[in-house]
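Undergrad: The structure file entry.txt (compact mmCIF, C-alpha atoms and all ligand atoms) is provided below.
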```txt
# COMPACT_ATOMS: atom_id res chain seq x y z
CA MET A 1 -51.58 4.84 -1.80
CA GLN A 2 -49.29 3.39 -4.37
CA LEU A 3 -45.67 2.67 -3.25
CA GLN A 4 -42.99 1.69 -5.73
CA THR A 5 -39.20 1.52 -5.98
CA PHE A 6 -37.24 2.82 -8.95
CA GLN A 7 -33.58 2.31 -9.81
CA GLY A 8 -31.16 4.11 -12.07
CA SER A 9 -27.45 4.41 -12.64
CA SER A 10 -27.65 7.99 -11.41
CA MET A 11 -29.95 9.84 -9.06
CA ALA A 12 -31.25 11.88 -11.98
CA GLU A 13 -32.08 8.74 -13.95
CA ALA A 14 -33.94 7.14 -11.02
CA MET A 15 -35.78 10.43 -10.45
CA ALA A 16 -36.82 10.57 -14.11
CA ARG A 17 -38.29 7.08 -13.77
CA VAL A 18 -40.27 8.14 -10.69
CA LYS A 19 -41.68 11.10 -12.57
CA SER A 20 -42.64 9.19 -15.66
CA ALA A 21 -44.37 6.43 -13.65
CA LEU A 22 -46.03 8.43 -10.86
CA GLY A 23 -46.12 11.97 -12.20
CA ALA A 24 -44.61 15.18 -10.89
CA ASP A 25 -46.54 15.16 -7.59
CA ALA A 26 -45.06 11.84 -6.44
CA VAL A 27 -43.72 11.85 -2.88
CA ILE A 28 -40.23 10.45 -2.25
CA LEU A 29 -40.08 8.37 0.90
CA HIS A 30 -36.66 6.90 0.76
CA THR A 31 -33.43 6.94 -1.27
CA ARG A 32 -30.42 4.67 -1.05
CA THR A 33 -27.62 3.22 -3.12
CA VAL A 34 -27.51 -0.49 -3.84
CA GLN A 35 -24.67 -2.61 -5.11
CA HIS A 36 -25.44 -4.88 -8.07
CA ARG A 37 -23.18 -7.56 -9.43
CA ARG A 38 -22.90 -7.94 -13.15
CA TRP A 39 -20.83 -10.10 -15.49
CA LEU A 40 -21.08 -13.31 -13.47
CA GLY A 41 -20.61 -11.36 -10.27
CA LEU A 42 -17.22 -9.99 -11.35
CA LYS A 43 -18.18 -6.38 -11.79
CA ARG A 44 -19.89 -4.37 -9.08
CA VAL A 45 -22.21 -1.61 -10.14
CA GLU A 46 -23.68 1.01 -7.85
CA LEU A 47 -27.36 1.85 -8.44
CA TYR A 48 -29.49 4.60 -6.99
CA GLU A 49 -32.85 3.48 -5.64
CA ILE A 50 -35.80 5.68 -4.83
CA THR A 51 -38.94 4.57 -2.99
CA ALA A 52 -41.78 6.85 -3.95
CA GLY A 53 -45.52 6.94 -3.56
CA LYS A 54 -48.48 8.60 -5.13
CA GLY A 55 -51.63 9.81 -3.39
CA ILE A 56 -50.04 9.78 0.04
CA ASN A 57 -52.31 11.68 2.37
CA VAL A 58 -51.11 12.11 5.92
CA ARG A 59 -53.96 13.13 8.27
CA THR A 60 -53.88 14.29 11.87
CA PRO A 61 -54.84 11.28 14.01
CA VAL A 62 -58.49 11.58 15.11
CA ASN A 63 -57.96 11.12 18.85
CA ARG A 64 -54.96 13.38 19.15
CA SER A 65 -55.54 17.06 19.49
CA THR A 66 -52.53 19.10 18.58
CA PRO A 67 -52.74 22.77 19.52
CA GLU A 68 -52.30 24.63 16.28
CA ARG A 69 -49.84 27.47 16.45
CA PRO A 70 -51.23 30.66 14.95
CA VAL A 71 -50.03 30.77 11.38
CA PRO A 72 -48.81 34.18 10.27
CA GLN A 73 -50.78 35.38 7.26
CA ASN A 74 -48.84 35.36 4.10
CA ARG A 75 -50.63 37.33 1.46
CA SER A 76 -48.64 35.97 -1.42
CA SER A 77 -49.60 32.32 -0.86
CA PRO A 78 -53.09 30.81 -0.92
CA ALA A 79 -54.24 30.63 2.72
CA VAL A 80 -56.26 27.39 2.57
CA SER A 81 -53.74 25.13 0.90
CA SER A 82 -50.74 26.43 2.90
CA SER A 83 -52.41 25.81 6.28
CA SER A 84 -53.51 22.31 5.31
CA VAL A 85 -50.01 21.52 4.08
CA ARG A 86 -48.58 22.88 7.32
CA SER A 87 -50.88 20.83 9.53
CA ASN A 88 -50.14 17.72 7.49
CA ALA A 89 -46.41 18.37 7.78
CA GLN A 90 -46.69 19.02 11.51
CA SER A 91 -48.51 15.78 12.23
CA LEU A 92 -46.14 13.93 9.96
CA MET A 93 -43.12 15.22 11.88
CA GLN A 94 -44.68 14.30 15.22
CA THR A 95 -44.61 10.58 14.48
CA PRO A 96 -41.25 9.26 15.81
CA GLY A 97 -40.93 6.64 13.09
CA VAL A 98 -41.42 9.23 10.38
CA GLN A 99 -38.98 11.60 12.06
CA ASN A 100 -36.29 8.94 12.11
CA ALA A 101 -37.03 7.93 8.56
CA ALA A 102 -36.91 11.56 7.46
CA LEU A 103 -33.57 12.11 9.20
CA LEU A 104 -32.15 8.93 7.75
CA GLY A 105 -33.42 9.89 4.33
CA LEU A 106 -31.83 13.32 4.63
CA THR A 107 -28.49 11.91 5.74
CA GLN A 108 -28.53 9.47 2.88
CA GLU A 109 -29.40 12.19 0.43
CA VAL A 110 -26.58 14.43 1.67
CA THR A 111 -24.11 11.54 1.39
CA LEU A 112 -25.42 10.86 -2.07
CA LEU A 113 -25.17 14.48 -3.07
CA LYS A 114 -21.62 14.66 -1.80
CA SER A 115 -20.57 11.65 -3.82
CA MET A 116 -22.38 13.06 -6.85
CA VAL A 117 -20.53 16.38 -6.52
CA LYS A 118 -17.23 14.51 -6.14
CA ASP A 119 -17.99 12.47 -9.26
CA LEU A 120 -18.95 15.62 -11.10
CA VAL A 121 -15.71 17.41 -10.15
CA SER A 122 -13.74 14.39 -11.21
CA GLU A 123 -15.70 14.20 -14.48
CA VAL A 124 -15.12 17.89 -15.21
CA ARG A 125 -11.42 17.46 -14.50
CA HIS A 126 -11.39 14.46 -16.82
CA THR A 127 -12.83 16.49 -19.67
CA LYS A 128 -10.65 19.49 -18.92
CA THR A 129 -7.47 17.46 -18.77
CA PRO A 130 -7.77 14.94 -21.54
CA GLY A 131 -4.06 14.09 -21.47
CA VAL A 132 -4.05 12.46 -18.03
CA PRO A 133 -3.52 8.71 -18.25
CA GLU A 134 -6.77 7.02 -17.13
CA GLU A 135 -5.05 4.58 -14.72
CA LEU A 136 -3.18 7.43 -13.02
CA PHE A 137 -6.07 9.83 -12.68
CA ASP A 138 -6.32 9.39 -8.89
CA GLN A 139 -2.64 10.19 -8.51
CA TYR A 140 -3.05 13.21 -10.76
CA LEU A 141 -5.94 14.43 -8.58
CA LYS A 142 -3.88 13.92 -5.45
CA LEU A 143 -1.12 16.12 -6.86
CA VAL A 144 -3.55 18.82 -7.97
CA GLU A 145 -5.29 18.74 -4.57
CA ASN A 146 -1.87 19.47 -3.09
CA LEU A 147 -1.68 22.51 -5.36
CA VAL A 148 0.88 21.04 -7.72
CA ALA A 149 0.35 23.06 -10.92
CA ASP A 150 -1.95 21.29 -13.41
CA GLU A 151 0.66 21.09 -16.15
CA LEU A 152 3.29 19.77 -13.76
CA ALA A 153 0.91 17.13 -12.37
CA LEU A 154 0.13 16.14 -15.95
CA GLU A 155 3.81 15.90 -16.81
CA ILE A 156 4.53 13.79 -13.72
CA THR A 157 1.75 11.29 -14.45
CA ARG A 158 2.66 11.07 -18.13
CA THR A 159 6.30 10.38 -17.34
CA LEU A 160 5.15 7.69 -14.95
CA GLN A 161 3.01 6.15 -17.66
CA LYS A 162 6.05 5.96 -19.92
CA GLN A 163 8.18 4.46 -17.14
CA LEU A 164 5.87 1.61 -16.21
CA ARG A 165 4.45 -1.19 -18.30
CA PRO A 166 0.62 -0.88 -18.51
CA GLU A 167 -0.04 -3.90 -16.29
CA LEU A 168 2.08 -2.35 -13.54
CA LEU A 169 -0.01 0.82 -13.36
CA ALA A 170 -2.53 -1.02 -11.17
CA ASP A 171 0.16 -1.74 -8.58
CA THR A 172 -0.57 1.21 -6.26
CA LYS A 173 2.49 0.65 -4.08
CA LEU A 174 4.85 0.65 -7.03
CA VAL A 175 3.10 3.65 -8.62
CA ARG A 176 3.44 5.58 -5.36
CA GLU A 177 7.14 4.73 -5.12
CA LYS A 178 7.78 5.89 -8.68
CA LEU A 179 5.77 9.05 -8.11
CA ALA A 180 7.83 9.81 -5.00
CA GLU A 181 11.01 9.28 -7.01
CA GLN A 182 9.84 11.73 -9.64
CA ILE A 183 8.88 14.41 -7.14
CA GLU A 184 12.23 13.93 -5.43
CA LYS A 185 14.02 14.52 -8.73
CA LEU A 186 12.10 17.76 -9.22
CA ILE A 187 13.51 19.19 -5.99
CA PRO A 188 17.28 19.51 -6.32
CA PRO A 189 18.99 19.57 -2.92
CA ALA A 190 21.44 22.42 -2.34
CA GLY A 191 23.11 20.66 0.57
CA PRO A 192 23.82 22.14 3.99
CA ILE A 193 25.89 25.28 4.56
CA GLN A 194 29.54 24.34 4.10
CA ARG A 195 32.70 26.30 4.47
CA THR A 196 35.16 25.51 1.73
CA LYS A 197 37.67 28.32 2.33
CA LEU A 198 40.54 27.85 4.75
CA VAL A 199 40.83 31.43 5.90
CA GLY A 200 38.10 33.88 6.88
CA PRO A 201 34.44 33.47 7.61
CA HIS A 202 31.90 31.77 5.37
CA VAL A 203 29.17 34.40 5.20
CA VAL A 204 25.52 33.40 4.77
CA ALA A 205 22.61 35.85 4.55
CA LEU A 206 18.94 34.98 4.94
CA ILE A 207 16.42 37.19 3.18
CA GLY A 208 12.69 36.97 2.62
CA PRO A 209 9.25 38.39 3.31
CA THR A 210 8.12 39.42 6.79
CA GLY A 211 7.42 36.74 9.37
CA VAL A 212 8.48 33.72 7.34
CA GLY A 213 10.89 32.56 10.05
CA LYS A 214 14.27 34.07 9.08
CA THR A 215 15.41 34.89 12.62
CA THR A 216 14.21 31.56 14.03
CA THR A 217 15.99 29.74 11.19
CA ILE A 218 19.21 31.72 11.83
CA ALA A 219 19.00 30.64 15.48
CA LYS A 220 18.52 27.00 14.45
CA LEU A 221 21.43 27.14 11.98
CA ALA A 222 23.72 28.90 14.45
CA ALA A 223 22.86 26.43 17.21
CA ASN A 224 23.52 23.45 14.97
CA LEU A 225 26.82 24.83 13.69
CA LYS A 226 27.99 25.79 17.13
CA LEU A 227 26.67 23.03 19.36
CA ARG A 228 26.67 20.03 17.01
CA GLU A 229 29.55 20.89 14.70
CA LYS A 230 31.57 22.88 17.26
CA ARG A 231 32.16 25.74 14.81
CA LYS A 232 32.83 29.33 15.71
CA VAL A 233 29.77 31.29 14.65
CA GLY A 234 29.10 35.03 14.58
CA LEU A 235 25.77 36.74 14.01
CA ILE A 236 24.97 40.01 12.30
CA THR A 237 21.59 41.66 12.10
CA ILE A 238 20.65 44.51 9.85
CA ASP A 239 17.15 44.49 11.31
CA THR A 240 17.50 47.75 13.20
CA PHE A 241 13.92 48.94 12.69
CA ARG A 242 12.55 47.12 15.68
CA ILE A 243 14.10 46.77 19.13
CA ALA A 244 12.18 43.51 19.57
CA ALA A 245 13.88 42.06 16.50
CA ILE A 246 17.34 42.77 17.92
CA ASP A 247 16.30 41.37 21.30
CA GLN A 248 15.01 38.22 19.65
CA LEU A 249 18.38 37.47 18.04
CA LYS A 250 20.35 38.69 21.05
CA LYS A 251 18.58 36.16 23.23
CA TYR A 252 19.77 33.34 20.96
CA ALA A 253 23.27 34.82 20.63
CA ASP A 254 23.57 34.96 24.43
CA ILE A 255 22.41 31.38 24.89
CA LEU A 256 24.92 30.21 22.27
CA GLY A 257 27.70 32.47 23.44
CA ALA A 258 28.03 33.79 19.88
CA PRO A 259 29.00 37.40 19.11
CA LEU A 260 26.18 39.53 17.67
CA ARG A 261 26.82 42.75 15.76
CA ILE A 262 24.16 45.22 14.69
CA VAL A 263 24.76 46.92 11.37
CA ALA A 264 22.76 50.06 10.66
CA THR A 265 24.07 51.11 7.23
CA PRO A 266 25.39 49.16 4.23
CA GLU A 267 28.68 51.09 4.44
CA GLU A 268 29.42 49.63 7.89
CA MET A 269 29.14 46.09 6.59
CA PRO A 270 32.72 45.44 5.35
CA SER A 271 34.37 46.67 8.54
CA VAL A 272 31.99 44.70 10.80
CA ILE A 273 32.62 41.52 8.83
CA ALA A 274 36.36 42.15 8.96
CA SER A 275 36.13 42.55 12.71
CA MET A 276 34.62 39.05 12.96
CA ASN A 277 37.40 37.46 10.97
CA ASP A 278 38.03 34.84 13.62
CA CYS A 279 34.59 33.32 13.03
CA GLU A 280 34.28 30.32 10.72
CA PHE A 281 30.70 31.23 9.88
CA ILE A 282 28.83 34.54 9.93
CA LEU A 283 25.06 34.39 9.63
CA ILE A 284 23.33 37.61 8.59
CA ASP A 285 19.72 38.15 9.62
CA THR A 286 17.74 40.71 7.68
CA ALA A 287 14.45 42.48 8.30
CA GLY A 288 11.47 41.06 6.47
CA ARG A 289 10.66 43.11 3.39
CA SER A 290 7.45 43.30 1.50
CA PRO A 291 8.08 42.19 -2.08
CA ASN A 292 6.19 45.32 -3.12
CA ASP A 293 8.51 47.71 -1.30
CA THR A 294 11.06 48.42 -4.01
CA MET A 295 12.91 50.99 -1.91
CA LYS A 296 13.52 48.57 0.95
CA LEU A 297 14.50 45.84 -1.50
CA ASN A 298 17.06 48.15 -3.07
CA GLU A 299 18.43 48.95 0.36
CA LEU A 300 18.69 45.22 1.13
CA LYS A 301 20.52 44.73 -2.16
CA ARG A 302 23.01 47.41 -1.17
CA PHE A 303 23.61 45.75 2.23
CA LEU A 304 24.28 42.44 0.52
CA GLU A 305 26.54 43.95 -2.14
CA LEU A 306 28.74 45.40 0.56
CA ALA A 307 28.62 42.28 2.73
CA GLY A 308 29.59 40.08 -0.24
CA PRO A 309 28.13 36.88 1.30
CA ASP A 310 29.13 33.46 0.06
CA GLU A 311 25.50 32.36 0.02
CA VAL A 312 22.15 34.14 0.03
CA HIS A 313 19.18 32.00 1.07
CA LEU A 314 15.66 33.08 0.26
CA VAL A 315 13.35 32.02 3.06
CA LEU A 316 9.78 31.26 2.03
CA SER A 317 6.88 30.02 4.10
CA THR A 318 4.91 27.02 2.90
CA THR A 319 1.83 28.47 4.59
CA ALA A 320 1.79 31.43 2.19
CA SER A 321 -0.38 31.42 -0.90
CA GLU A 322 1.18 30.51 -4.22
CA SER A 323 0.77 34.06 -5.53
CA CYS A 324 2.62 35.46 -2.47
CA VAL A 325 5.41 32.95 -2.90
CA ASN A 326 5.67 33.68 -6.62
CA LEU A 327 5.82 37.43 -6.06
CA ALA A 328 8.47 37.01 -3.35
CA MET A 329 10.46 34.76 -5.66
CA GLU A 330 10.33 37.28 -8.46
CA LYS A 331 11.20 40.35 -6.37
CA PHE A 332 13.87 38.83 -4.14
CA SER A 333 15.56 37.28 -7.18
CA GLU A 334 16.35 40.86 -8.20
CA VAL A 335 18.23 41.24 -4.91
CA ARG A 336 20.08 37.91 -5.03
CA VAL A 337 19.03 34.33 -4.40
CA ASP A 338 21.37 31.35 -4.40
CA LYS A 339 19.39 28.77 -2.41
CA LEU A 340 15.96 28.25 -0.93
CA ILE A 341 14.70 27.54 2.56
CA PHE A 342 11.08 26.53 3.05
CA THR A 343 9.64 27.05 6.52
CA LYS A 344 6.56 25.97 8.49
CA LEU A 345 6.09 22.63 6.79
CA ASP A 346 4.41 21.52 10.00
CA GLU A 347 1.59 23.97 9.36
CA ALA A 348 1.23 23.71 5.61
CA ALA A 349 -1.82 21.93 4.26
CA GLN A 350 -0.70 21.74 0.66
CA LEU A 351 2.90 21.49 -0.40
CA GLY A 352 2.58 21.49 -4.16
CA VAL A 353 3.66 25.14 -4.13
CA VAL A 354 7.17 24.04 -3.16
CA LEU A 355 7.36 21.88 -6.26
CA ASN A 356 6.06 24.63 -8.53
CA VAL A 357 8.47 27.23 -7.17
CA VAL A 358 11.57 25.07 -7.16
CA ARG A 359 10.77 23.98 -10.66
CA ARG A 360 10.28 27.55 -11.88
CA VAL A 361 13.37 29.14 -10.36
CA ASN A 362 15.71 26.23 -10.64
CA LYS A 363 17.43 26.86 -7.29
CA GLY A 364 18.42 24.15 -4.87
CA LEU A 365 16.57 23.53 -1.63
CA ALA A 366 18.94 24.06 1.29
CA TYR A 367 16.73 23.51 4.35
CA ILE A 368 13.19 22.90 5.45
CA THR A 369 11.89 23.85 8.88
CA THR A 370 9.19 21.91 10.62
CA GLY A 371 8.33 23.77 13.83
CA GLN A 372 9.11 26.62 16.19
CA GLU A 373 11.55 24.74 18.36
CA VAL A 374 15.19 25.88 18.28
CA PRO A 375 17.45 24.11 17.35
CA ASN A 376 15.60 20.91 16.48
CA ASP A 377 12.96 21.80 13.92
CA ILE A 378 15.21 22.11 10.88
CA GLU A 379 16.38 19.58 8.31
CA VAL A 380 18.64 19.68 5.31
CA GLY A 381 16.32 20.06 2.32
CA HIS A 382 15.55 16.78 0.67
CA GLY A 383 12.96 15.95 -1.94
CA LYS A 384 12.28 12.58 -0.35
CA LYS A 385 10.53 14.03 2.66
CA LEU A 386 8.60 16.53 0.57
CA ALA A 387 7.49 13.76 -1.75
CA ARG A 388 6.23 11.75 1.21
CA MET A 389 4.39 14.77 2.55
CA ILE A 390 2.84 15.63 -0.81
CA LEU A 391 1.72 12.07 -1.33
CA GLY A 392 0.24 12.07 2.14
CA ASP A 393 2.55 9.96 4.21
CA TRP A 394 4.14 12.13 6.84
CA THR A 395 5.16 9.43 9.27
CA SER A 396 6.62 6.57 7.24
N1 LIG B 1 5.03 26.44 12.86
C1 LIG B 1 6.19 26.98 12.58
N2 LIG B 1 6.44 28.24 12.99
C2 LIG B 1 7.65 28.76 12.71
C3 LIG B 1 8.63 28.05 12.00
N3 LIG B 1 9.71 28.86 11.86
C4 LIG B 1 9.39 30.02 12.46
N4 LIG B 1 8.16 29.98 12.98
C5 LIG B 1 7.42 31.02 13.70
O1 LIG B 1 7.11 32.08 12.83
C6 LIG B 1 7.06 33.30 13.55
C7 LIG B 1 7.95 34.31 12.88
O2 LIG B 1 9.29 33.88 12.98
P1 LIG B 1 10.53 34.85 12.84
O3 LIG B 1 11.75 34.01 12.89
O4 LIG B 1 10.45 35.98 13.81
O5 LIG B 1 10.27 35.39 11.39
P2 LIG B 1 11.10 36.48 10.58
O6 LIG B 1 11.12 36.07 9.17
O7 LIG B 1 12.41 36.72 11.25
O8 LIG B 1 10.16 37.74 10.80
P3 LIG B 1 10.54 39.28 10.49
O9 LIG B 1 11.89 39.51 11.05
O10 LIG B 1 9.46 40.03 11.18
O11 LIG B 1 10.47 39.44 9.02
C8 LIG B 1 7.50 32.97 14.98
O12 LIG B 1 6.37 32.81 15.78
C9 LIG B 1 8.23 31.64 14.82
O13 LIG B 1 8.20 30.88 15.99
C10 LIG B 1 8.33 26.70 11.58
O14 LIG B 1 9.11 25.98 10.95
N5 LIG B 1 7.10 26.23 11.89
MG MG B 2 13.29 38.44 12.01
```
Can the structure from this file be put into structure tokens for me?
Ligand SMILES: Nc1nc2c(ncn2[C@@H]2O[C@H](COP(=O)(O)OP(=O)(O)OP(=O)(O)O)[C@@H](O)[C@H]2O)c(=O)[nH]1
Ligand SMILES: [Mg+2]
TA:
Amino acid sequence: MQLQTFQGSSMAEAMARVKSALGADAVILHTRTVQHRRWLGLKRVELYEITAGKGINVRTPVNRSTPERPVPQNRSSPAVSSSSVRSNAQSLMQTPGVQNAALLGLTQEVTLLKSMVKDLVSEVRHTKTPGVPEELFDQYLKLVENLVADELALEITRTLQKQLRPELLADTKLVREKLAEQIEKLIPPAGPIQRTKLVGPHVVALIGPTGVGKTTTIAKLAANLKLREKRKVGLITIDTFRIAAIDQLKKYADILGAPLRIVATPEEMPSVIASMNDCEFILIDTAGRSPNDTMKLNELKRFLELAGPDEVHLVLSTTASESCVNLAMEKFSEVRVDKLIFTKLDEAAQLGVVLNVVRRVNKGLAYITTGQEVPNDIEVGHGKKLARMILGDWTS
């Protein structure tokens, strides 16, 4: 048996060396990565090392009788060679040392494969996105992994490159700070709901797709206005399709001691609002509409036209896919959108979508919600927090 080790800067290169020295039937016993120091020890290089042998012949030990399991006949493969290979493999696997070595080898190979795939992905991205500054490639990847659109991620890293002197690009803390600043700038805050008029209610309507958290957000807003700011708040729902939906809001209205009115047709809207004239704020909850249901969207538009709200907030969930969010954006904009609310940030894995949407529609972010708890899990929308979340630092 002839055992040798071979090294290469990639697995493929090391493998090619094995083949050329030992031939195609060489047996690989072990693979690992080794660190080599070059340039007077200043530069560390990772090498792939393969230990391989030729003419390895593993026999069943003479004194050990292993009951052979009947081997099912396989007509397509030569019977003699397959059974001898099987018995060799069996006896090989029965040696504890070999089993451990095999497992270790496999684990190492999987780790190696993973890192190779990662390198490959990164390499492909490099070639596909030639404009990304080399020193900021990791940051670019981080943004793209968070679903920030490629072109936006490119723009962000390029701006950063222009902002910082080349020697500062290696300062990861500074780079992160500047990145956060840029993301923050991309998300204009709309500010909290504010009543500027002296007489009459400030009317705010929340619209959006089904299940995004409109009713829960209305409850949070109402509770904050009423309990924290001591304002007189009234609630209206036009969600008359489902008894459960009315009950849901009624429960919150009762807890808050706020009047709740149910409006069934757009024509009733002006008189109901007029009847709540003593309220400083009226919050209108609407039924979730599918962005594809043009008829329901038109009906919603009619309700809003007759309500004449001071602000219409489009509520979008950060757990929805980008295509869903984009479609909702497009369709609800035809109804009316003044400000944005993003919900379920506590559940979202990737927040780049928020950046892409805000950037595309150019509307301010009013609130973000971060959980199911009323009234606590809501915050005035601010790019700073989103930047921290996108860059992977939720707690600091
Ligand atoms: N994790 C999480 N869940 C939330 C958040 N906001 C709302 N939810 C949950 O999302 C679900 C739907 O909330 P609703 O307020 O009923 O949503 P909606 O938009 O009024 O739904 P429809 O009226 O059916 O269109 C509920 O289980 C809420 O508790 C949030 O910020 N985070
Ligand atoms: Mg609802």
Undergrad: Measuring atom to atom with all atoms listed in the file, identify which of A:Lys54, A:Arg228, A:Lys220, A:Lys250 is nearest to ligand LIG 1 (chain B).
TA: A:Lys220
Undergrad: Pick out the residues no farther than 6 Å from ligand MG 2 (chain B), counting only C-alpha atoms and all ligand atoms, and list them as a PyMOL selection string.
TA: chain A and resi 214-215+245+287
Undergrad: Which chains and residue numbers are within 7 Å of ligand LIG 1 (chain B), counting only C-alpha atoms and all ligand atoms, if I want them as a list of chain:residue names?
TA: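 With only C-alpha atoms and all ligand atoms and a cut-off of 7 Å, ligand LIG 1 (chain B) is contacted by A:Gly208, A:Pro209, A:Thr210, A:Gly211, A:Val212, A:Gly213, A:Lys214, A:Thr215, A:Thr216, A:Thr217, A:Ala245, A:Thr286, A:Ala287, A:Gly288, A:Arg289, A:Thr343, A:Lys344, A:Leu345, A:Asp346, A:Glu347, A:Thr369, A:Thr370, A:Gly371, A:Gln372, A:Asp377.
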Undergrad: Have a look at A:Arg176, A:Leu113, A:Ser323, A:Thr31 and name the one nearest to Lys142 (chain A); count all atoms listed in the file.
TA: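 Among the listed residues, the smallest separation from Lys142 (chain A) belongs to A:Arg176.
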Undergrad: Would you pick out the contacts of region 255-267 of chain A at 10 Å or less, using only C-alpha atoms, so that residues sharing its chain but fewer than 6 positions from it are not included, and give the list as a ChimeraX atom specification?
TA: /A:219,222-223,226-227,232-241,246,249,273,275-276,279,282-285,299-307
Undergrad: Mind filling out region 319-339 of chain A with N, CA and C atoms and sending it as an mmCIF file, in the coordinates of the input?
TA:
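Output file out.cif is given in full below:
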```cif
data_model
loop_
_atom_site.group_PDB
_atom_site.id
_atom_site.type_symbol
_atom_site.label_atom_id
_atom_site.label_comp_id
_atom_site.auth_asym_id
_atom_site.auth_seq_id
_atom_site.Cartn_x
_atom_site.Cartn_y
_atom_site.Cartn_z
ATOM 1 N N THR A 319 3.221 28.153 4.246
ATOM 2 C CA THR A 319 1.830 28.470 4.590
ATOM 3 C C THR A 319 1.319 29.662 3.769
ATOM 4 N N ALA A 320 2.219 30.288 3.018
ATOM 5 C CA ALA A 320 1.790 31.430 2.190
ATOM 6 C C ALA A 320 1.105 30.937 0.922
ATOM 7 N N SER A 321 0.311 31.814 0.331
ATOM 8 C CA SER A 321 -0.380 31.420 -0.900
ATOM 9 C C SER A 321 0.638 31.360 -2.048
ATOM 10 N N GLU A 322 0.257 30.655 -3.093
ATOM 11 C CA GLU A 322 1.180 30.510 -4.220
ATOM 12 C C GLU A 322 1.509 31.869 -4.838
ATOM 13 N N SER A 323 0.507 32.756 -4.905
ATOM 14 C CA SER A 323 0.770 34.060 -5.530
ATOM 15 C C SER A 323 1.771 34.860 -4.695
ATOM 16 N N CYS A 324 1.657 34.766 -3.350
ATOM 17 C CA CYS A 324 2.620 35.460 -2.470
ATOM 18 C C CYS A 324 4.021 34.914 -2.702
ATOM 19 N N VAL A 325 4.108 33.595 -2.736
ATOM 20 C CA VAL A 325 5.410 32.950 -2.900
ATOM 21 C C VAL A 325 6.011 33.328 -4.258
ATOM 22 N N ASN A 326 5.180 33.337 -5.282
ATOM 23 C CA ASN A 326 5.670 33.680 -6.620
ATOM 24 C C ASN A 326 6.179 35.117 -6.676
ATOM 25 N N LEU A 327 5.407 36.026 -6.055
ATOM 26 C CA LEU A 327 5.820 37.430 -6.060
ATOM 27 C C LEU A 327 7.142 37.596 -5.304
ATOM 28 N N ALA A 328 7.239 36.919 -4.145
ATOM 29 C CA ALA A 328 8.470 37.010 -3.350
ATOM 30 C C ALA A 328 9.652 36.483 -4.165
ATOM 31 N N MET A 329 9.427 35.369 -4.820
ATOM 32 C CA MET A 329 10.460 34.760 -5.660
ATOM 33 C C MET A 329 10.982 35.767 -6.682
ATOM 34 N N GLU A 330 10.001 36.362 -7.363
ATOM 35 C CA GLU A 330 10.330 37.280 -8.460
ATOM 36 C C GLU A 330 11.107 38.503 -7.941
ATOM 37 N N LYS A 331 10.596 39.105 -6.863
ATOM 38 C CA LYS A 331 11.200 40.350 -6.370
ATOM 39 C C LYS A 331 12.538 40.111 -5.676
ATOM 40 N N PHE A 332 12.608 39.065 -4.856
ATOM 41 C CA PHE A 332 13.870 38.830 -4.140
ATOM 42 C C PHE A 332 14.965 38.316 -5.086
ATOM 43 N N SER A 333 14.551 37.716 -6.209
ATOM 44 C CA SER A 333 15.560 37.280 -7.180
ATOM 45 C C SER A 333 16.340 38.479 -7.704
ATOM 46 N N GLU A 334 15.660 39.645 -7.735
ATOM 47 C CA GLU A 334 16.350 40.860 -8.200
ATOM 48 C C GLU A 334 17.404 41.307 -7.197
ATOM 49 N N VAL A 335 17.222 40.907 -5.929
ATOM 50 C CA VAL A 335 18.230 41.240 -4.910
ATOM 51 C C VAL A 335 19.399 40.259 -5.075
ATOM 52 N N ARG A 336 19.152 39.027 -4.779
ATOM 53 C CA ARG A 336 20.080 37.910 -5.030
ATOM 54 C C ARG A 336 19.567 36.664 -4.317
ATOM 55 N N VAL A 337 19.452 35.600 -5.025
ATOM 56 C CA VAL A 337 19.030 34.330 -4.400
ATOM 57 C C VAL A 337 19.921 33.211 -4.921
ATOM 58 N N ASP A 338 20.564 32.502 -3.993
ATOM 59 C CA ASP A 338 21.370 31.350 -4.400
ATOM 60 C C ASP A 338 20.677 30.032 -4.061
ATOM 61 N N LYS A 339 20.021 30.014 -2.881
ATOM 62 C CA LYS A 339 19.390 28.770 -2.410
ATOM 63 C C LYS A 339 18.066 29.081 -1.736
#
```
